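This is start-v8.cif (mmCIF, C-alpha atoms and all ligand atoms).
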data_work
loop_
_atom_site.label_atom_id
_atom_site.label_comp_id
_atom_site.auth_asym_id
_atom_site.auth_seq_id
_atom_site.Cartn_x
_atom_site.Cartn_y
_atom_site.Cartn_z
CA MET A 1338 65.66 -48.86 13.90
CA THR A 1339 64.43 -50.44 10.65
CA ARG A 1340 65.73 -50.36 7.15
CA ALA A 1341 68.23 -47.80 5.87
CA SER A 1342 67.46 -45.66 2.86
CA ILE A 1343 69.34 -46.73 -0.21
CA GLY A 1344 72.86 -45.28 -0.44
CA LEU A 1345 72.87 -43.76 3.05
CA ASP A 1346 75.42 -44.79 5.67
CA ASP A 1347 74.20 -45.73 9.15
CA ALA A 1348 75.10 -42.35 10.67
CA LEU A 1349 73.05 -40.38 8.16
CA GLN A 1350 70.18 -42.85 8.39
CA ASP A 1351 70.15 -42.51 12.20
CA TYR A 1352 70.31 -38.73 11.86
CA ILE A 1353 67.30 -38.69 9.53
CA VAL A 1354 65.24 -40.97 11.76
CA SER A 1355 66.16 -39.03 14.90
CA HIS A 1356 65.10 -35.76 13.24
CA THR A 1357 61.84 -37.15 11.90
CA LYS A 1358 58.69 -37.45 14.02
CA ALA A 1359 59.15 -40.46 16.31
CA LEU A 1360 57.01 -43.56 16.07
CA ASP A 1361 54.50 -43.98 18.88
CA ALA A 1362 54.34 -46.94 21.28
CA VAL A 1363 51.96 -49.00 19.12
CA GLN A 1364 54.05 -48.52 15.98
CA THR A 1365 57.26 -49.32 17.89
CA ALA A 1366 55.72 -52.48 19.33
CA LEU A 1367 54.51 -53.55 15.88
CA VAL A 1368 58.01 -53.12 14.44
CA ALA A 1369 59.35 -55.31 17.27
CA ARG A 1370 56.58 -57.92 16.75
CA THR A 1371 57.32 -57.99 13.01
CA THR A 1372 61.05 -58.39 13.63
CA GLU A 1373 60.23 -61.65 15.43
CA LEU A 1374 59.11 -63.05 12.05
CA GLY A 1375 62.73 -63.12 10.87
CA PRO A 1376 63.59 -62.45 7.20
CA PRO A 1377 60.04 -61.45 6.13
CA ALA A 1378 60.39 -58.43 8.46
CA GLY A 1379 62.57 -56.90 5.76
CA MET A 1380 59.38 -56.21 3.79
CA GLN A 1381 58.24 -53.60 6.31
CA ILE A 1382 58.81 -49.98 5.36
CA GLY A 1383 61.13 -47.88 7.55
CA ALA A 1384 60.13 -45.34 10.19
CA GLU A 1385 60.80 -42.27 8.05
CA GLU A 1386 58.84 -43.71 5.14
CA ALA A 1387 55.91 -44.38 7.47
CA GLN A 1388 55.96 -40.77 8.62
CA LEU A 1389 56.20 -39.65 4.99
CA LEU A 1390 53.03 -41.63 4.21
CA THR A 1391 51.14 -40.00 7.09
CA LEU A 1392 52.25 -36.57 5.87
CA LEU A 1393 51.23 -37.27 2.27
CA VAL A 1394 47.81 -38.53 3.33
CA ARG A 1395 47.34 -35.36 5.37
CA LEU A 1396 48.54 -33.13 2.51
CA THR A 1397 46.05 -34.71 0.11
CA ASN A 1398 43.28 -34.36 2.71
CA ALA A 1399 42.50 -37.97 1.91
CA ARG A 1400 39.17 -39.59 2.77
CA HIS A 1401 39.49 -42.52 0.37
CA ALA A 1402 42.78 -44.40 0.55
CA VAL A 1403 43.89 -47.77 -0.83
CA GLU A 1404 46.90 -49.87 0.16
CA VAL A 1405 48.17 -52.74 -2.01
CA GLY A 1406 50.38 -54.94 0.19
CA THR A 1407 49.64 -54.73 3.90
CA PHE A 1408 51.83 -57.41 5.55
CA THR A 1409 51.69 -56.81 9.35
CA GLY A 1410 49.87 -53.51 9.05
CA PHE A 1411 52.64 -50.98 9.77
CA SER A 1412 52.20 -48.83 6.65
CA ALA A 1413 48.42 -49.12 7.06
CA ILE A 1414 48.61 -47.50 10.50
CA ALA A 1415 50.66 -44.67 8.98
CA ILE A 1416 48.08 -44.10 6.23
CA ALA A 1417 45.06 -44.46 8.53
CA ARG A 1418 46.53 -41.95 10.99
CA GLY A 1419 46.67 -39.29 8.28
CA LEU A 1420 43.09 -39.67 7.02
CA ALA A 1421 40.66 -36.79 7.24
CA PRO A 1422 37.71 -37.29 9.64
CA GLY A 1423 35.43 -40.03 8.31
CA GLY A 1424 38.14 -41.30 5.99
CA LYS A 1425 38.60 -44.98 5.13
CA LEU A 1426 41.53 -47.13 4.06
CA LEU A 1427 41.01 -50.26 1.95
CA CYS A 1428 43.86 -52.74 2.49
CA CYS A 1429 44.63 -55.49 -0.05
CA ASP A 1430 46.64 -58.57 0.85
CA VAL A 1431 46.54 -62.36 0.52
CA SER A 1432 48.04 -63.40 3.86
CA GLU A 1433 45.73 -64.13 6.79
CA GLU A 1434 48.77 -64.97 8.93
CA TRP A 1435 50.57 -61.64 8.46
CA THR A 1436 47.51 -59.38 8.38
CA SER A 1437 46.16 -60.91 11.62
CA ILE A 1438 49.14 -59.27 13.33
CA GLY A 1439 48.08 -56.03 11.68
CA ARG A 1440 44.45 -56.32 12.76
CA ALA A 1441 45.52 -56.57 16.41
CA ALA A 1442 47.82 -53.56 16.05
CA TRP A 1443 45.09 -51.52 14.34
CA ARG A 1444 42.80 -52.10 17.33
CA GLU A 1445 45.56 -51.00 19.70
CA ALA A 1446 46.26 -47.94 17.55
CA GLY A 1447 42.58 -46.97 17.53
CA VAL A 1448 42.33 -47.05 13.72
CA ALA A 1449 40.58 -50.42 13.19
CA ASP A 1450 37.26 -48.71 12.42
CA ARG A 1451 38.90 -46.81 9.54
CA ILE A 1452 40.39 -49.86 7.84
CA GLU A 1453 38.76 -52.51 5.67
CA LEU A 1454 40.97 -55.50 4.81
CA ARG A 1455 40.22 -57.60 1.73
CA LEU A 1456 42.07 -60.91 1.59
CA ALA A 1457 42.23 -61.70 -2.12
CA PRO A 1458 44.63 -61.14 -5.00
CA ALA A 1459 44.89 -57.36 -5.18
CA ALA A 1460 44.35 -57.31 -8.95
CA GLU A 1461 40.85 -58.75 -8.36
CA THR A 1462 40.08 -56.38 -5.49
CA LEU A 1463 41.17 -53.32 -7.48
CA ALA A 1464 39.34 -54.36 -10.66
CA ALA A 1465 36.11 -54.60 -8.64
CA LEU A 1466 36.35 -51.04 -7.27
CA PRO A 1467 33.95 -48.38 -8.63
CA ASP A 1468 34.94 -46.98 -12.02
CA GLU A 1469 35.04 -43.44 -10.68
CA GLU A 1470 37.80 -40.94 -9.92
CA TYR A 1471 37.33 -41.04 -6.14
CA ILE A 1472 40.61 -42.29 -4.59
CA ASP A 1473 42.67 -39.56 -2.89
CA PHE A 1474 45.73 -41.60 -1.93
CA ALA A 1475 47.09 -45.04 -2.78
CA PHE A 1476 50.19 -46.95 -1.74
CA ILE A 1477 51.56 -49.83 -3.83
CA ASP A 1478 53.87 -52.23 -1.96
CA ALA A 1479 52.90 -55.80 -2.93
CA ASP A 1480 54.34 -58.36 -5.39
CA LYS A 1481 56.59 -56.39 -7.73
CA PRO A 1482 55.74 -58.15 -11.05
CA SER A 1483 52.13 -56.96 -10.68
CA TYR A 1484 52.98 -53.30 -10.10
CA TRP A 1485 51.88 -52.21 -13.59
CA THR A 1486 48.57 -54.04 -13.17
CA TYR A 1487 47.95 -52.31 -9.83
CA TYR A 1488 48.96 -48.94 -11.23
CA SER A 1489 46.74 -49.42 -14.28
CA GLU A 1490 43.73 -50.20 -12.11
CA LEU A 1491 44.42 -47.30 -9.74
CA VAL A 1492 45.27 -44.37 -12.04
CA PRO A 1493 41.79 -44.07 -13.61
CA ARG A 1494 40.23 -44.23 -10.13
CA VAL A 1495 42.44 -41.58 -8.52
CA ARG A 1496 41.01 -38.07 -8.55
CA THR A 1497 42.84 -35.13 -10.07
CA GLY A 1498 45.30 -33.97 -7.40
CA GLY A 1499 45.40 -37.40 -5.78
CA VAL A 1500 48.67 -39.24 -5.19
CA ILE A 1501 49.92 -42.81 -5.67
CA ALA A 1502 53.06 -43.67 -3.69
CA VAL A 1503 54.98 -46.70 -4.98
CA ASP A 1504 57.60 -48.50 -2.88
CA ASN A 1505 60.82 -50.27 -3.91
CA VAL A 1506 61.18 -48.43 -7.20
CA LEU A 1507 65.01 -48.50 -6.94
CA TRP A 1508 64.95 -52.24 -6.20
CA GLY A 1509 68.14 -52.29 -4.17
CA GLY A 1510 69.87 -50.12 -6.79
CA ARG A 1511 69.52 -52.83 -9.45
CA VAL A 1512 67.32 -50.63 -11.67
CA THR A 1513 70.48 -49.12 -13.16
CA ASP A 1514 71.76 -52.53 -14.35
CA ALA A 1515 72.15 -52.39 -18.13
CA GLU A 1516 71.63 -56.14 -18.40
CA PRO A 1517 69.59 -57.24 -15.37
CA GLU A 1518 69.96 -60.84 -14.32
CA ASP A 1519 66.48 -61.22 -12.83
CA ASP A 1520 62.98 -60.66 -14.18
CA THR A 1521 61.88 -58.49 -11.25
CA THR A 1522 64.61 -55.92 -11.96
CA ARG A 1523 63.62 -55.80 -15.62
CA LEU A 1524 59.94 -55.42 -14.72
CA MET A 1525 60.73 -52.65 -12.24
CA GLN A 1526 62.76 -50.84 -14.91
CA GLU A 1527 59.83 -51.16 -17.33
CA PHE A 1528 57.39 -49.97 -14.67
CA ASN A 1529 59.47 -46.87 -13.92
CA ASP A 1530 59.94 -46.12 -17.63
CA LYS A 1531 56.21 -46.38 -18.34
CA VAL A 1532 55.25 -44.17 -15.37
CA ALA A 1533 57.79 -41.54 -16.47
CA ARG A 1534 56.15 -41.49 -19.94
CA ASP A 1535 52.55 -41.51 -18.66
CA GLU A 1536 50.98 -38.16 -19.53
CA ARG A 1537 48.14 -38.66 -17.04
CA VAL A 1538 50.57 -38.13 -14.14
CA ASP A 1539 53.62 -36.26 -12.83
CA VAL A 1540 56.16 -38.43 -10.99
CA VAL A 1541 58.87 -37.59 -8.47
CA MET A 1542 61.21 -40.42 -7.46
CA LEU A 1543 62.69 -40.15 -3.95
CA PRO A 1544 65.64 -42.14 -2.50
CA VAL A 1545 63.71 -42.90 0.67
CA GLY A 1546 63.96 -46.50 1.84
CA ASP A 1547 64.28 -48.66 -1.29
CA GLY A 1548 63.03 -45.78 -3.42
CA VAL A 1549 59.56 -44.25 -3.42
CA SER A 1550 57.83 -42.74 -6.44
CA LEU A 1551 55.26 -40.06 -5.69
CA ILE A 1552 52.83 -39.99 -8.58
CA TYR A 1553 50.46 -37.03 -8.90
CA LYS A 1554 47.31 -37.47 -10.98
CA ARG A 1555 46.87 -34.53 -13.31
C1 LIG B 1601 56.34 -55.71 1.04
S1 LIG B 1601 55.02 -56.48 1.87
C2 LIG B 1601 54.03 -55.09 2.38
C3 LIG B 1601 54.67 -54.33 3.51
C4 LIG B 1601 53.77 -53.31 4.15
N1 LIG B 1601 53.38 -52.29 3.21
C5 LIG B 1601 54.49 -52.70 5.34
O1 LIG B 1601 55.20 -51.70 5.18
O2 LIG B 1601 54.40 -53.24 6.44
C6 LIG B 1601 54.13 -57.20 0.53
C7 LIG B 1601 52.77 -57.80 0.87
O3 LIG B 1601 52.12 -58.07 -0.37
C8 LIG B 1601 51.32 -59.19 -0.19
N2 LIG B 1601 51.00 -59.77 -1.51
C9 LIG B 1601 51.79 -60.56 -2.28
N3 LIG B 1601 51.14 -60.90 -3.40
C10 LIG B 1601 49.92 -60.30 -3.35
C11 LIG B 1601 48.79 -60.26 -4.21
N4 LIG B 1601 48.79 -60.91 -5.39
N5 LIG B 1601 47.72 -59.56 -3.82
C12 LIG B 1601 47.71 -58.88 -2.64
N6 LIG B 1601 48.75 -58.88 -1.80
C13 LIG B 1601 49.84 -59.57 -2.14
C14 LIG B 1601 52.12 -60.11 0.72
O4 LIG B 1601 51.28 -61.03 1.38
C15 LIG B 1601 52.80 -59.10 1.64
O5 LIG B 1601 52.09 -58.98 2.85
#
Take the structure in the file and give it back as structure tokens.
Amino acid sequence: MTRASIGLDDALQDYIVSHTKALDAVQTALVARTTELGPPAGMQIGAEEAQLLTLLVRLTNARHAVEVGTFTGFSAIAIARGLAPGGKLLCCDVSEEWTSIGRAAWREAGVADRIELRLAPAAETLAALPDEEYIDFAFIDADKPSYWTYYSELVPRVRTGGVIAVDNVLWGGRVTDAEPEDDTTRLMQEFNDKVARDERVDVVMLPVGDGVSLIYKR
């Protein structure tokens, strides 16, 4: 199912997915429902990345999580499932149409009471969050040109030992272009360069999906 990790052939991708914890019925149905949307379905993370998110949320013992870019709610289920008892996930998106699919799936998955959705530009939502180091886990997967803005709002609010996961950091492999033809590639290159130089964090870039950076707050 779903999107292959960058650089992997289909056989290896299938092997990875078949040796990673399987999606449950609600997640599988949500992937199928999202596929009905056509090309926008390509924005959904893959099964192994979803399981990675659940694992990371568990490993950070997260009670306060934030997602930037929710779409039809698939990654949000993965994050919500990993939360410690009493934990909450704040989801940021601008699309009522896409997130309404997510809301229905969250009810079916039994995680609706753990998720708050704010429909507004994420930069505004993040800027209005408390100026405290309280976030345990964050996932950035919205409009790529705003990644640095989202990161800049989140880093000061993430606690020491907390993690920010960032999707699409390899941008289809175009990040290695010496002379990128599009602005998004150039902005993603700049984002990755700035994170790598940021002394507030340690970053590990993984070739999962379209590339995921795991950013640990020192
Ligand atoms: C790549 S999709 C998210 C996919 C989702 N994480 C998943 O795996 O199912 C990007 C989402 O970002 C949202 N988005 C775009 N611009 C935004 C903005 N300025 N503020 C908040 N969300 C935005 C879009 O509506 C879209 O749902």
Near-ligand residues for ligand LIG 1601 (chain B), threshold 8 Å, all atoms listed in the file, as an mmCIF file with C-alpha atoms, in the frame of the given file:
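So the final result, stored in pocket09.cif, reads:
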data_model
loop_
_atom_site.group_PDB
_atom_site.id
_atom_site.type_symbol
_atom_site.label_atom_id
_atom_site.label_comp_id
_atom_site.auth_asym_id
_atom_site.auth_seq_id
_atom_site.Cartn_x
_atom_site.Cartn_y
_atom_site.Cartn_z
ATOM 1 C CA GLY A 1379 62.570 -56.900 5.760
ATOM 2 C CA MET A 1380 59.380 -56.210 3.790
ATOM 3 C CA GLN A 1381 58.240 -53.600 6.310
ATOM 4 C CA ILE A 1382 58.810 -49.980 5.360
ATOM 5 C CA GLY A 1383 61.130 -47.880 7.550
ATOM 6 C CA ALA A 1387 55.910 -44.380 7.470
ATOM 7 C CA GLU A 1404 46.900 -49.870 0.160
ATOM 8 C CA VAL A 1405 48.170 -52.740 -2.010
ATOM 9 C CA GLY A 1406 50.380 -54.940 0.190
ATOM 10 C CA THR A 1407 49.640 -54.730 3.900
ATOM 11 C CA PHE A 1408 51.830 -57.410 5.550
ATOM 12 C CA THR A 1409 51.690 -56.810 9.350
ATOM 13 C CA GLY A 1410 49.870 -53.510 9.050
ATOM 14 C CA PHE A 1411 52.640 -50.980 9.770
ATOM 15 C CA SER A 1412 52.200 -48.830 6.650
ATOM 16 C CA ALA A 1413 48.420 -49.120 7.060
ATOM 17 C CA CYS A 1429 44.630 -55.490 -0.050
ATOM 18 C CA ASP A 1430 46.640 -58.570 0.850
ATOM 19 C CA VAL A 1431 46.540 -62.360 0.520
ATOM 20 C CA SER A 1432 48.040 -63.400 3.860
ATOM 21 C CA TRP A 1435 50.570 -61.640 8.460
ATOM 22 C CA THR A 1436 47.510 -59.380 8.380
ATOM 23 C CA LEU A 1456 42.070 -60.910 1.590
ATOM 24 C CA ALA A 1457 42.230 -61.700 -2.120
ATOM 25 C CA PRO A 1458 44.630 -61.140 -5.000
ATOM 26 C CA ALA A 1459 44.890 -57.360 -5.180
ATOM 27 C CA ALA A 1460 44.350 -57.310 -8.950
ATOM 28 C CA PHE A 1476 50.190 -46.950 -1.740
ATOM 29 C CA ILE A 1477 51.560 -49.830 -3.830
ATOM 30 C CA ASP A 1478 53.870 -52.230 -1.960
ATOM 31 C CA ALA A 1479 52.900 -55.800 -2.930
ATOM 32 C CA ASP A 1480 54.340 -58.360 -5.390
ATOM 33 C CA SER A 1483 52.130 -56.960 -10.680
#
Within 10 Å of Asp1450 (chain A), counting only C-alpha atoms, which residues show up once you throw out same-chain ones fewer than 3 positions away? Write them as a CSV table (one decimal) with C-alpha atoms, keeping the file's coordinate frame, please.
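What follows is the written file out-v9.csv:
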chain,number,residue,atom,x,y,z
A,1417,ALA,CA,45.1,-44.5,8.5
A,1423,GLY,CA,35.4,-40.0,8.3
A,1424,GLY,CA,38.1,-41.3,6.0
A,1425,LYS,CA,38.6,-45.0,5.1
A,1426,LEU,CA,41.5,-47.1,4.1
A,1443,TRP,CA,45.1,-51.5,14.3
A,1444,ARG,CA,42.8,-52.1,17.3
A,1447,GLY,CA,42.6,-47.0,17.5
A,1453,GLU,CA,38.8,-52.5,5.7
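Picture a line from CA of Ala1441 (chain A) to CA of Leu1454 (chain A); it runs 12.5 Å.
The interatomic distance for the pair CA of Asp1514 (chain A) and CA of Val1549 (chain A) works out to 18.4 Å.
Take CA of Thr1391 (chain A) and CA of Ile1416 (chain A): the distance between them is 5.2 Å.
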request  = May I have the protein, DNA and RNA residues with any atom at most 8 Å from the point (42.3, -53.2, -12.1), counting all atoms listed in the file, written as a list in words?
outcome  = Ala1460, Glu1461, Thr1462, Leu1463, Ala1464, Ala1465, Leu1466, Thr1486, Tyr1487, Tyr1488, Ser1489, Glu1490 and Leu1491 of chain A
message = Counting all atoms listed in the file, which residues have an atom no more than 9 Å from (47.2, -48.1, 18.7) in the file's coordinates? Please list them as JSON, numbers by chain.
response = {"A": [1361, 1362, 1363, 1364, 1414, 1441, 1442, 1443, 1444, 1445, 1446, 1447, 1448, 1449]}
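Between Ile1501 (chain A) and the residues A:Thr1371, A:Ser1342, A:Ser1550, A:Ile1452, the shortest atom-to-atom distance, using all atoms listed in the file, involves A:Ser1550.
Restricting the calculation to all atoms listed in the file, the smallest distance between Glu1385 (chain A) and any of A:Ala1359, A:Leu1367, A:Cys1428, A:Val1538 is found for A:Ala1359.
Around Leu1396 (chain A), within 12 Å and counting all atoms listed in the file, the residues found are Leu1389, Leu1390, Thr1391, Leu1392, Arg1400, Ile1416, Gly1419, Leu1420, Ala1421, Asp1473, Phe1474, Gly1498, Gly1499 and Val1500 of chain A, once anything fewer than 4 positions away on its own chain is removed.
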message = Could you check the closest approach to Arg1555 (chain A) for each of A:Asp1504, A:Asp1346, A:Glu1518, A:Glu1470 and tell me which residue wins, using only C-alpha atoms?
response = A:Glu1470
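Restricting the calculation to only C-alpha atoms, the smallest distance between Leu1345 (chain A) and any of A:Glu1373, A:Asp1547, A:Asp1519, A:Glu1469 is found for A:Asp1547.
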Distance query region 1521-1523 of chain A at most 12 Å, only C-alpha atoms, self and fewer than 3 positions along chain excluded, as a PDB file with C-alpha atoms, in the coordinates of the input:
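around-v6.pdb, freshly written:
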ATOM      1  CA  ASP A1480      54.340 -58.360  -5.390  1.00  0.00           C
ATOM      2  CA  LYS A1481      56.590 -56.390  -7.730  1.00  0.00           C
ATOM      3  CA  PRO A1482      55.740 -58.150 -11.050  1.00  0.00           C
ATOM      4  CA  SER A1483      52.130 -56.960 -10.680  1.00  0.00           C
ATOM      5  CA  TYR A1484      52.980 -53.300 -10.100  1.00  0.00           C
ATOM      6  CA  ASN A1505      60.820 -50.270  -3.910  1.00  0.00           C
ATOM      7  CA  VAL A1506      61.180 -48.430  -7.200  1.00  0.00           C
ATOM      8  CA  LEU A1507      65.010 -48.500  -6.940  1.00  0.00           C
ATOM      9  CA  TRP A1508      64.950 -52.240  -6.200  1.00  0.00           C
ATOM     10  CA  GLY A1509      68.140 -52.290  -4.170  1.00  0.00           C
ATOM     11  CA  GLY A1510      69.870 -50.120  -6.790  1.00  0.00           C
ATOM     12  CA  ARG A1511      69.520 -52.830  -9.450  1.00  0.00           C
ATOM     13  CA  VAL A1512      67.320 -50.630 -11.670  1.00  0.00           C
ATOM     14  CA  THR A1513      70.480 -49.120 -13.160  1.00  0.00           C
ATOM     15  CA  ASP A1514      71.760 -52.530 -14.350  1.00  0.00           C
ATOM     16  CA  ALA A1515      72.150 -52.390 -18.130  1.00  0.00           C
ATOM     17  CA  GLU A1516      71.630 -56.140 -18.400  1.00  0.00           C
ATOM     18  CA  PRO A1517      69.590 -57.240 -15.370  1.00  0.00           C
ATOM     19  CA  GLU A1518      69.960 -60.840 -14.320  1.00  0.00           C
ATOM     20  CA  GLN A1526      62.760 -50.840 -14.910  1.00  0.00           C
ATOM     21  CA  GLU A1527      59.830 -51.160 -17.330  1.00  0.00           C
ATOM     22  CA  PHE A1528      57.390 -49.970 -14.670  1.00  0.00           C
ATOM     23  CA  ASN A1529      59.470 -46.870 -13.920  1.00  0.00           C
ATOM     24  CA  ASP A1530      59.940 -46.120 -17.630  1.00  0.00           C
TER      25      ASP A1530
END
First collect every listed atom of region 1466-1481 of chain A; then fit an axis-aligned box around them, widen it by 6 Å on each side, and give centre and edge lengths in Å to one decimal, as AutoDock Vina command-line options.
--center_x 45.3 --center_y -49.0 --center_z -6.9 --size_x 34.6 --size_y 30.8 --size_z 22.3
